[in-house]
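Coordinates as given in target.pdb (PDB, C-alpha atoms and all ligand atoms):
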```pdb
ATOM      1  CA  MET A   1     249.690 144.729 117.806
ATOM      2  CA  VAL A   2     246.481 142.874 116.896
ATOM      3  CA  PHE A   3     245.801 142.176 113.224
ATOM      4  CA  ASP A   4     242.285 142.017 111.914
ATOM      5  CA  VAL A   5     242.883 138.916 109.801
ATOM      6  CA  HIS A   6     239.399 138.863 108.328
ATOM      7  CA  LYS A   7     239.226 142.364 106.928
ATOM      8  CA  PRO A   8     237.580 142.111 103.491
ATOM      9  CA  ALA A   9     239.639 143.228 100.509
ATOM     10  CA  SER A  10     239.181 143.385  96.744
ATOM     11  CA  TYR A  11     242.437 144.817  95.364
ATOM     12  CA  ILE A  12     243.524 141.743  93.398
ATOM     13  CA  THR A  13     239.962 140.767  92.504
ATOM     14  CA  GLU A  14     239.504 144.173  90.868
ATOM     15  CA  LEU A  15     242.654 143.644  88.787
ATOM     16  CA  ILE A  16     241.428 140.246  87.602
ATOM     17  CA  TYR A  17     237.898 141.581  87.038
ATOM     18  CA  SER A  18     239.038 144.524  85.014
ATOM     19  CA  ARG A  19     241.166 142.343  82.743
ATOM     20  CA  ILE A  20     238.640 139.549  82.201
ATOM     21  CA  VAL A  21     235.428 141.569  82.004
ATOM     22  CA  GLN A  22     236.988 144.394  79.949
ATOM     23  CA  GLU A  23     238.054 141.826  77.349
ATOM     24  CA  GLN A  24     234.439 140.681  77.070
ATOM     25  CA  LEU A  25     233.060 144.235  76.956
ATOM     26  CA  LYS A  26     235.440 145.134  74.107
ATOM     27  CA  LYS A  27     233.869 142.376  72.012
ATOM     28  CA  LEU A  28     230.227 143.387  72.572
ATOM     29  CA  GLY A  29     229.896 145.406  69.345
ATOM     30  CA  GLU A  30     231.387 142.571  67.346
ATOM     31  CA  LEU A  31     229.012 140.052  68.954
ATOM     32  CA  LYS A  32     226.064 141.944  67.439
ATOM     33  CA  SER A  33     227.551 142.167  63.953
ATOM     34  CA  PRO A  34     225.473 140.008  61.578
ATOM     35  CA  ASN A  35     228.441 139.135  59.356
ATOM     36  CA  ILE A  36     230.913 137.978  61.983
ATOM     37  CA  ILE A  37     230.883 134.281  62.873
ATOM     38  CA  TYR A  38     233.201 132.727  65.429
ATOM     39  CA  VAL A  39     234.676 129.277  64.985
ATOM     40  CA  THR A  40     233.112 128.405  68.344
ATOM     41  CA  ASP A  41     229.691 129.210  66.796
ATOM     42  CA  LEU A  42     230.357 126.432  64.285
ATOM     43  CA  VAL A  43     230.879 123.782  66.973
ATOM     44  CA  SER A  44     228.029 124.811  69.307
ATOM     45  CA  CYS A  45     224.257 124.989  69.376
ATOM     46  CA  THR A  46     223.355 127.102  66.337
ATOM     47  CA  HIS A  47     220.530 128.850  68.176
ATOM     48  CA  LYS A  48     223.046 130.390  70.579
ATOM     49  CA  TYR A  49     224.509 132.350  67.660
ATOM     50  CA  HIS A  50     221.098 133.749  66.742
ATOM     51  CA  LEU A  51     220.269 134.673  70.345
ATOM     52  CA  ARG A  52     223.707 136.217  70.858
ATOM     53  CA  LYS A  53     223.140 138.666  68.028
ATOM     54  CA  LYS A  54     220.124 139.980  69.955
ATOM     55  CA  PHE A  55     221.265 139.601  73.574
ATOM     56  CA  PRO A  56     225.082 139.871  73.547
ATOM     57  CA  GLU A  57     225.338 141.218  77.124
ATOM     58  CA  LEU A  58     224.093 137.875  78.481
ATOM     59  CA  THR A  59     227.409 136.285  77.515
ATOM     60  CA  ILE A  60     229.419 138.299  80.061
ATOM     61  CA  VAL A  61     230.681 136.046  82.863
ATOM     62  CA  PHE A  62     232.892 136.456  85.911
ATOM     63  CA  GLU A  63     232.686 132.985  87.413
ATOM     64  CA  PRO A  64     235.572 131.436  89.377
ATOM     65  CA  ALA A  65     235.807 128.374  87.109
ATOM     66  CA  ALA A  66     236.057 130.568  84.004
ATOM     67  CA  VAL A  67     238.603 132.836  85.718
ATOM     68  CA  LEU A  68     240.705 129.787  86.664
ATOM     69  CA  GLY A  69     240.615 128.670  83.044
ATOM     70  CA  ASP A  70     241.711 132.097  81.791
ATOM     71  CA  LEU A  71     244.565 132.236  84.282
ATOM     72  CA  ALA A  72     245.755 128.742  83.318
ATOM     73  CA  HIS A  73     245.744 129.828  79.666
ATOM     74  CA  LEU A  74     247.797 132.916  80.469
ATOM     75  CA  GLY A  75     250.328 130.845  82.420
ATOM     76  CA  LEU A  76     250.791 128.134  79.816
ATOM     77  CA  GLU A  77     250.891 130.667  76.984
ATOM     78  CA  LYS A  78     253.742 132.450  78.765
ATOM     79  CA  ILE A  79     255.725 129.187  78.859
ATOM     80  CA  LEU A  80     255.030 128.574  75.150
ATOM     81  CA  MET A  81     256.026 132.141  74.259
ATOM     82  CA  GLU A  82     259.365 131.672  75.995
ATOM     83  CA  LYS A  83     259.957 128.781  73.578
ATOM     84  CA  GLY A  84     259.294 131.038  70.578
ATOM     85  CA  ILE A  85     255.765 129.752  69.950
ATOM     86  CA  LYS A  86     253.178 132.361  68.894
ATOM     87  CA  VAL A  87     250.195 132.656  71.253
ATOM     88  CA  GLU A  88     246.657 134.021  70.900
ATOM     89  CA  VAL A  89     246.864 133.835  67.132
ATOM     90  CA  ASP A  90     243.919 135.359  65.235
ATOM     91  CA  LEU A  91     242.720 133.213  62.333
ATOM     92  CA  VAL A  92     240.215 134.472  59.757
ATOM     93  CA  LYS A  93     238.514 133.283  56.617
ATOM     94  CA  TYR A  94     235.962 135.032  54.393
ATOM     95  CA  VAL A  95     233.035 132.877  53.324
ATOM     96  CA  GLN A  96     230.361 133.777  50.760
ATOM     97  CA  VAL A  97     226.819 132.513  51.281
ATOM     98  CA  GLY A  98     224.395 133.786  48.624
ATOM     99  CA  ASN A  99     225.144 137.480  48.187
ATOM    100  CA  GLU A 100     226.536 137.905  51.709
ATOM    101  CA  ILE A 101     230.164 137.752  52.781
ATOM    102  CA  TYR A 102     230.800 136.419  56.293
ATOM    103  CA  LEU A 103     233.995 136.724  58.281
ATOM    104  CA  VAL A 104     234.748 133.520  60.162
ATOM    105  CA  LYS A 105     237.050 134.314  63.084
ATOM    106  CA  GLY A 106     238.921 132.179  65.557
ATOM    107  CA  ARG A 107     241.783 132.609  67.962
ATOM    108  CA  ALA A 108     244.121 129.667  68.373
ATOM    109  CA  ASP A 109     245.748 129.475  71.788
ATOM    110  CA  ALA A 110     249.121 128.884  70.144
ATOM    111  CA  VAL A 111     250.699 128.173  66.765
ATOM    112  CA  ASP A 112     254.089 126.487  66.531
ATOM    113  CA  GLU A 113     255.149 127.488  63.031
ATOM    114  CA  SER A 114     258.383 125.508  63.101
ATOM    115  CA  ARG A 115     256.457 122.269  63.650
ATOM    116  CA  GLU A 116     253.319 123.402  61.745
ATOM    117  CA  LEU A 117     251.144 122.700  64.775
ATOM    118  CA  VAL A 118     248.081 124.466  66.135
ATOM    119  CA  ILE A 119     247.834 124.103  69.919
ATOM    120  CA  GLU A 120     244.640 124.373  71.956
ATOM    121  CA  VAL A 121     244.662 124.559  75.755
ATOM    122  CA  LYS A 122     241.583 123.308  77.605
ATOM    123  CA  THR A 123     240.831 123.358  81.302
ATOM    124  CA  SER A 124     238.027 121.292  82.749
ATOM    125  CA  ARG A 125     236.612 120.188  86.089
ATOM    126  CA  SER A 126     236.336 116.632  84.768
ATOM    127  CA  SER A 127     238.632 114.223  82.915
ATOM    128  CA  LEU A 128     235.824 112.202  81.335
ATOM    129  CA  ASN A 129     235.320 111.833  77.594
ATOM    130  CA  LEU A 130     238.609 113.349  76.482
ATOM    131  CA  PRO A 131     239.274 114.573  73.893
ATOM    132  CA  ARG A 132     235.832 116.143  73.568
ATOM    133  CA  ASP A 133     234.171 116.171  70.184
ATOM    134  CA  HIS A 134     233.555 119.936  70.038
ATOM    135  CA  HIS A 135     237.191 120.642  70.968
ATOM    136  CA  VAL A 136     238.436 118.327  68.189
ATOM    137  CA  LYS A 137     236.095 120.044  65.701
ATOM    138  CA  GLN A 138     237.240 123.499  66.832
ATOM    139  CA  LEU A 139     240.881 122.538  66.313
ATOM    140  CA  ASN A 140     239.991 121.045  62.921
ATOM    141  CA  PHE A 141     238.581 124.427  61.812
ATOM    142  CA  TYR A 142     241.851 126.074  62.845
ATOM    143  CA  LEU A 143     243.779 123.458  60.870
ATOM    144  CA  GLU A 144     241.571 124.097  57.839
ATOM    145  CA  ILE A 145     242.184 127.860  58.050
ATOM    146  CA  THR A 146     245.958 127.584  58.617
ATOM    147  CA  GLY A 147     246.453 124.709  56.175
ATOM    148  CA  PHE A 148     248.432 122.792  58.795
ATOM    149  CA  ASN A 149     247.826 119.048  59.019
ATOM    150  CA  ASN A 150     248.206 118.479  62.754
ATOM    151  CA  GLY A 151     247.336 120.026  66.042
ATOM    152  CA  ILE A 152     247.513 119.325  69.747
ATOM    153  CA  ILE A 153     244.838 119.651  72.410
ATOM    154  CA  ILE A 154     246.190 119.720  75.943
ATOM    155  CA  TYR A 155     243.761 119.231  78.833
ATOM    156  CA  ILE A 156     244.493 120.425  82.344
ATOM    157  CA  THR A 157     242.021 119.057  84.898
ATOM    158  CA  PRO A 158     242.248 118.593  88.689
ATOM    159  CA  GLU A 159     243.300 114.934  88.083
ATOM    160  CA  LYS A 160     245.205 114.948  84.812
ATOM    161  CA  ILE A 161     247.364 116.758  82.332
ATOM    162  CA  VAL A 162     246.926 114.934  79.029
ATOM    163  CA  GLU A 163     247.387 115.885  75.421
ATOM    164  CA  TYR A 164     246.200 114.502  72.101
ATOM    165  CA  GLU A 165     247.584 114.940  68.626
ATOM    166  CA  ILE A 166     244.771 115.550  66.149
ATOM    167  CA  ALA A 167     245.077 115.084  62.375
ATOM    168  CA  ARG A 168     243.167 117.389  60.025
ATOM    169  CA  GLN A 169     239.931 115.936  58.638
ATOM    170  CA  PRO A 170     238.189 117.218  55.489
ATOM    171  CA  ILE A 171     235.614 119.917  56.309
ATOM    172  CA  SER A 172     233.637 122.533  54.361
ATOM    173  CA  ILE A 173     233.527 125.799  56.290
ATOM    174  CA  GLU A 174     230.947 127.116  53.789
ATOM    175  CA  ASN A 175     228.547 124.225  54.562
ATOM    176  CA  GLU A 176     229.024 124.657  58.309
ATOM    177  CA  VAL A 177     228.256 128.394  57.993
ATOM    178  CA  LEU A 178     225.104 127.559  56.013
ATOM    179  CA  ASP A 179     223.975 125.147  58.758
ATOM    180  CA  LEU A 180     224.578 127.880  61.319
ATOM    181  CA  LEU A 181     222.594 130.489  59.391
ATOM    182  CA  ASN A 182     219.766 127.973  58.923
ATOM    183  CA  ASN A 183     219.840 127.179  62.657
ATOM    184  CA  LYS A 184     220.194 123.415  62.075
ATOM    185  CA  HIS A 185     221.382 122.162  65.493
ATOM    186  CA  HIS A 186     219.626 123.326  68.652
ATOM    187  CA  PRO A 187     221.254 122.112  70.749
ATOM    188  CA  ARG A 188     224.177 120.416  68.992
ATOM    189  CA  TYR A 189     225.029 118.346  72.098
ATOM    190  CA  THR A 190     222.596 117.086  74.731
ATOM    191  CA  TRP A 191     224.568 118.682  77.602
ATOM    192  CA  GLU A 192     224.798 122.168  76.086
ATOM    193  CA  CYS A 193     221.585 123.661  77.467
ATOM    194  CA  ASN A 194     222.739 123.189  81.067
ATOM    195  CA  TYR A 195     225.662 125.557  80.506
ATOM    196  CA  CYS A 196     223.960 128.004  78.169
ATOM    197  CA  PRO A 197     223.636 131.708  79.076
ATOM    198  CA  TYR A 198     220.387 131.857  77.070
ATOM    199  CA  LYS A 199     218.559 128.979  78.722
ATOM    200  CA  ARG A 200     216.116 131.338  80.477
ATOM    201  CA  ILE A 201     214.937 132.824  77.194
ATOM    202  CA  CYS A 202     215.307 129.925  74.786
ATOM    203  CA  SER A 203     212.329 128.103  73.300
ATOM    204  CA  TYR A 204     214.492 125.050  72.547
ATOM    205  CA  TYR A 205     215.901 124.720  76.070
ATOM    206  CA  SER A 206     216.079 121.098  77.085
ATOM    207  CA  PRO A 207     217.786 120.183  80.362
ATOM    208  CA  THR A 208     219.637 116.875  80.070
ATOM    209  CA  ALA A 209     222.717 115.087  81.360
ATOM    210  CA  ARG A 210     225.810 117.089  82.190
ATOM    211  CA  GLU A 211     228.894 116.933  80.003
ATOM    212  CA  ALA A 212     230.855 114.715  82.347
TER     213      ALA A 212
HETATM  214  S1  LIG B 301     219.292 126.734  75.794
HETATM  215 FE1  LIG B 301     219.982 124.975  74.591
HETATM  216  S2  LIG B 301     218.889 125.086  72.634
HETATM  217 FE2  LIG B 301     218.728 127.094  73.656
HETATM  218  S3  LIG B 301     220.379 128.317  72.812
HETATM  219 FE3  LIG B 301     221.120 127.369  74.682
HETATM  220  S4  LIG B 301     222.091 125.463  74.068
HETATM  221 FE4  LIG B 301     220.815 126.180  72.379
END
```
Let me see the file written as structure tokens.
Amino acid sequence: MVFDVHKPASYITELIYSRIVQEQLKKLGELKSPNIIYVTDLVSCTHKYHLRKKFPELTIVFEPAAVLGDLAHLGLEKILMEKGIKVEVDLVKYVQVGNEIYLVKGRADAVDESRELVIEVKTSRSSLNLPRDHHVKQLNFYLEITGFNNGIIIYITPEKIVEYEIARQPISIENEVLDLLNNKHHPRYTWECNYCPYKRICSYYSPTAREA
């Protein structure tokens, strides 16, 4: 019997695709909502938030690096769950700016209630500049919302598995929301434009050095 070892297949790819892309499609309506702000909006280029409200479909990705990251999250979250740690924990806070009420939403990768710790899992192609400023700020927002004083960021890269304990720093979510609505930082970091889904339609686009 001769096997055709190179016969193309897509069975598993379709399973992964349907899980990862469906998750993104489910959020499309929310992405357009003017009163929903994600914690990630508060640590990124503020212009992305304004473009996303108009062009939400441009955020949909099915790239191998992003898929690898999602799968690593799923795997580590399973291990944490087996230890009784809550995973994919939705965190919300209502913020009033002028006469408008905004819902600030985030999803912590894990919350260890017994140790009062918020845990963030990050995958990256590079081990440079860890922990990264925007990851520390993101975790700090989660600490502010939960009221916990400490969190952990764990990085999984091709060369390293390292983690950092982060202590809560004072922050005003209301002021950060105001900065976002006033489009104060575009981009917030010099490397952001290179990775941005809106770079083809953005008047502020400025290609600069990569993150690492
Ligand atoms: S291209 Fe740069 S400035 Fe424009 S939205 Fe993206 S990150 Fe912001």
Six-sided padding of 3 Å per side, axis-aligned box over segment 6-20 of chain A, centre and edges in Å, one decimal, as lines of an AutoDock Vina configuration file:
```
center_x = 240.6
center_y = 141.8
center_z = 95.3
size_x = 11.9
size_y = 12.0
size_z = 32.1
```
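Using all atoms listed in the file, residues with at least one atom at most 7 Å away from any atom of ligand LIG 301 (chain B) are A:Cys45, A:Thr46, A:His47, A:Lys48, A:Leu51, A:His186, A:Pro187, A:Glu192, A:Cys193, A:Cys196, A:Pro197, A:Tyr198, A:Lys199, A:Cys202, A:Ser203, A:Tyr204, A:Tyr205, A:Ser206.
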Using all atoms listed in the file, which protein or nucleic acid residues come within 9 Å of segment 116-118 of chain A? Drop anything in the same chain fewer than 5 positions from it, and give the result as a short mmCIF file (atom, residue, chain, number, x, y, z; two decimals) with C-alpha atoms, in the coordinates of the input.
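Contents of out-v3.cif, as written:
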```cif
data_model
loop_
_atom_site.label_atom_id
_atom_site.label_comp_id
_atom_site.auth_asym_id
_atom_site.auth_seq_id
_atom_site.Cartn_x
_atom_site.Cartn_y
_atom_site.Cartn_z
CA ALA A 108 244.12 129.67 68.37
CA ASP A 109 245.75 129.48 71.79
CA ALA A 110 249.12 128.88 70.14
CA VAL A 111 250.70 128.17 66.76
CA LEU A 139 240.88 122.54 66.31
CA TYR A 142 241.85 126.07 62.84
CA LEU A 143 243.78 123.46 60.87
CA THR A 146 245.96 127.58 58.62
CA GLY A 147 246.45 124.71 56.18
CA PHE A 148 248.43 122.79 58.80
CA ASN A 149 247.83 119.05 59.02
CA ASN A 150 248.21 118.48 62.75
CA GLY A 151 247.34 120.03 66.04
CA ILE A 152 247.51 119.32 69.75
CA ILE A 153 244.84 119.65 72.41
#
```
| request: Could you please determine the separation between atom CA of Tyr38 of chain A and atom CA of Val95 of chain A in Å, to one decimal place? | output: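 Rounded to one decimal, the two atoms are 12.1 Å apart.
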| Counting all atoms listed in the file, which residues come within 12 Å of (221.1, 124.9, 61.2), with the point read in the file's coordinates, and could you list them as a list in words? | Asp41, Leu42, Val43, Ser44, Cys45, Thr46, His47, Lys48, Tyr49, His50, Asn175, Glu176, Val177, Leu178, Asp179, Leu180, Leu181, Asn182, Asn183, Lys184, His185, His186, Pro187 and Arg188 of chain A
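Taking atom CA of Lys78 of chain A and atom CA of Ser124 of chain A as the two end points, the separation is 19.7 Å.
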| message | As an exercise, work out the distance from atom CA of Glu57 of chain A to atom CA of Lys26 of chain A in Å and give it to one decimal place. | response | 11.2 Å
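For the choices A:Glu174, A:Leu25, A:Leu15, A:Gly75, the atom-to-atom distance to Gly98 of chain A is smallest for A:Glu174 when using only C-alpha atoms.
All residues that come within 10 Å of the coordinates (242.9, 117.6, 79.5), counting all atoms listed in the file, are given as A:Val121, A:Lys122, A:Thr123, A:Ser124, A:Arg125, A:Ser126, A:Ser127, A:Leu128, A:Asn129, A:Leu130, A:Pro131, A:Arg132, A:Ile153, A:Ile154, A:Tyr155, A:Ile156, A:Thr157, A:Pro158, A:Glu159, A:Lys160, A:Ile161, A:Val162, A:Glu163, A:Tyr164.
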| said: To test your reading of the syntax: which residues would the PyMOL selection byres (((chain A and resi 62-70) around 8) and not hetatm) return for the file shown? Reply as an MDAnalysis selection string. | reply: chainID A and resid 17 20:21 60:61 71:74 122:124
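Comparing the minimum interatomic distances between Arg200 of chain A and each of A:Leu58, A:Lys7, A:Ser33, A:Ile145, counting all atoms listed in the file, we find that A:Leu58 sits nearest.
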| task | Using the chain letters and numbers from the file, give me the residues hit by the PyMOL selection byres (((chain A and resi 31) around 10) and not hetatm), as a list of chain:residue names. | result | A:Gln24, A:Leu25, A:Lys26, A:Lys27, A:Leu28, A:Gly29, A:Glu30, A:Lys32, A:Ser33, A:Pro34, A:Asn35, A:Ile36, A:Ile37, A:Tyr38, A:Tyr49, A:Arg52, A:Lys53, A:Lys54, A:Phe55, A:Pro56, A:Glu57, A:Thr59
At the level of C-alpha atoms, write segment 124-164 of chain A to a file as a PDB file, in the first residue's frame, please.
```pdb
ATOM      1  CA  SER A 124       6.254  36.695  22.993  1.00  0.00           C
ATOM      2  CA  ARG A 125       8.740  35.972  20.223  1.00  0.00           C
ATOM      3  CA  SER A 126      11.377  37.964  22.104  1.00  0.00           C
ATOM      4  CA  SER A 127      12.673  38.080  25.684  1.00  0.00           C
ATOM      5  CA  LEU A 128      13.894  41.678  25.503  1.00  0.00           C
ATOM      6  CA  ASN A 129      12.619  44.465  27.737  1.00  0.00           C
ATOM      7  CA  LEU A 130      10.671  42.317  30.175  1.00  0.00           C
ATOM      8  CA  PRO A 131       8.425  43.096  31.907  1.00  0.00           C
ATOM      9  CA  ARG A 132       6.976  45.403  29.261  1.00  0.00           C
ATOM     10  CA  ASP A 133       5.532  48.712  30.344  1.00  0.00           C
ATOM     11  CA  HIS A 134       2.097  48.227  28.750  1.00  0.00           C
ATOM     12  CA  HIS A 135       1.754  44.782  30.361  1.00  0.00           C
ATOM     13  CA  VAL A 136       2.596  46.218  33.805  1.00  0.00           C
ATOM     14  CA  LYS A 137       0.042  49.013  33.270  1.00  0.00           C
ATOM     15  CA  GLN A 138      -2.613  46.525  32.135  1.00  0.00           C
ATOM     16  CA  LEU A 139      -2.084  44.429  35.262  1.00  0.00           C
ATOM     17  CA  ASN A 140      -2.184  47.592  37.386  1.00  0.00           C
ATOM     18  CA  PHE A 141      -5.667  48.392  36.014  1.00  0.00           C
ATOM     19  CA  TYR A 142      -6.802  44.894  36.993  1.00  0.00           C
ATOM     20  CA  LEU A 143      -5.361  45.413  40.474  1.00  0.00           C
ATOM     21  CA  GLU A 144      -7.185  48.740  40.748  1.00  0.00           C
ATOM     22  CA  ILE A 145     -10.501  47.130  39.753  1.00  0.00           C
ATOM     23  CA  THR A 146     -10.121  44.076  42.026  1.00  0.00           C
ATOM     24  CA  GLY A 147      -8.606  46.008  44.932  1.00  0.00           C
ATOM     25  CA  PHE A 148      -5.804  43.454  45.202  1.00  0.00           C
ATOM     26  CA  ASN A 149      -2.316  44.784  45.912  1.00  0.00           C
ATOM     27  CA  ASN A 150      -0.195  42.349  43.916  1.00  0.00           C
ATOM     28  CA  GLY A 151      -0.136  40.530  40.652  1.00  0.00           C
ATOM     29  CA  ILE A 152       2.097  38.298  38.584  1.00  0.00           C
ATOM     30  CA  ILE A 153       3.040  38.530  34.922  1.00  0.00           C
ATOM     31  CA  ILE A 154       4.469  35.329  33.499  1.00  0.00           C
ATOM     32  CA  TYR A 155       6.237  35.461  30.131  1.00  0.00           C
ATOM     33  CA  ILE A 156       6.663  32.423  27.923  1.00  0.00           C
ATOM     34  CA  THR A 157       9.077  33.035  25.042  1.00  0.00           C
ATOM     35  CA  PRO A 158      11.133  30.649  22.871  1.00  0.00           C
ATOM     36  CA  GLU A 159      14.132  31.249  25.216  1.00  0.00           C
ATOM     37  CA  LYS A 160      12.643  31.867  28.640  1.00  0.00           C
ATOM     38  CA  ILE A 161       9.872  31.319  31.111  1.00  0.00           C
ATOM     39  CA  VAL A 162      10.095  34.184  33.594  1.00  0.00           C
ATOM     40  CA  GLU A 163       7.660  35.818  35.947  1.00  0.00           C
ATOM     41  CA  TYR A 164       7.502  39.126  37.786  1.00  0.00           C
TER      42      TYR A 164
END
```
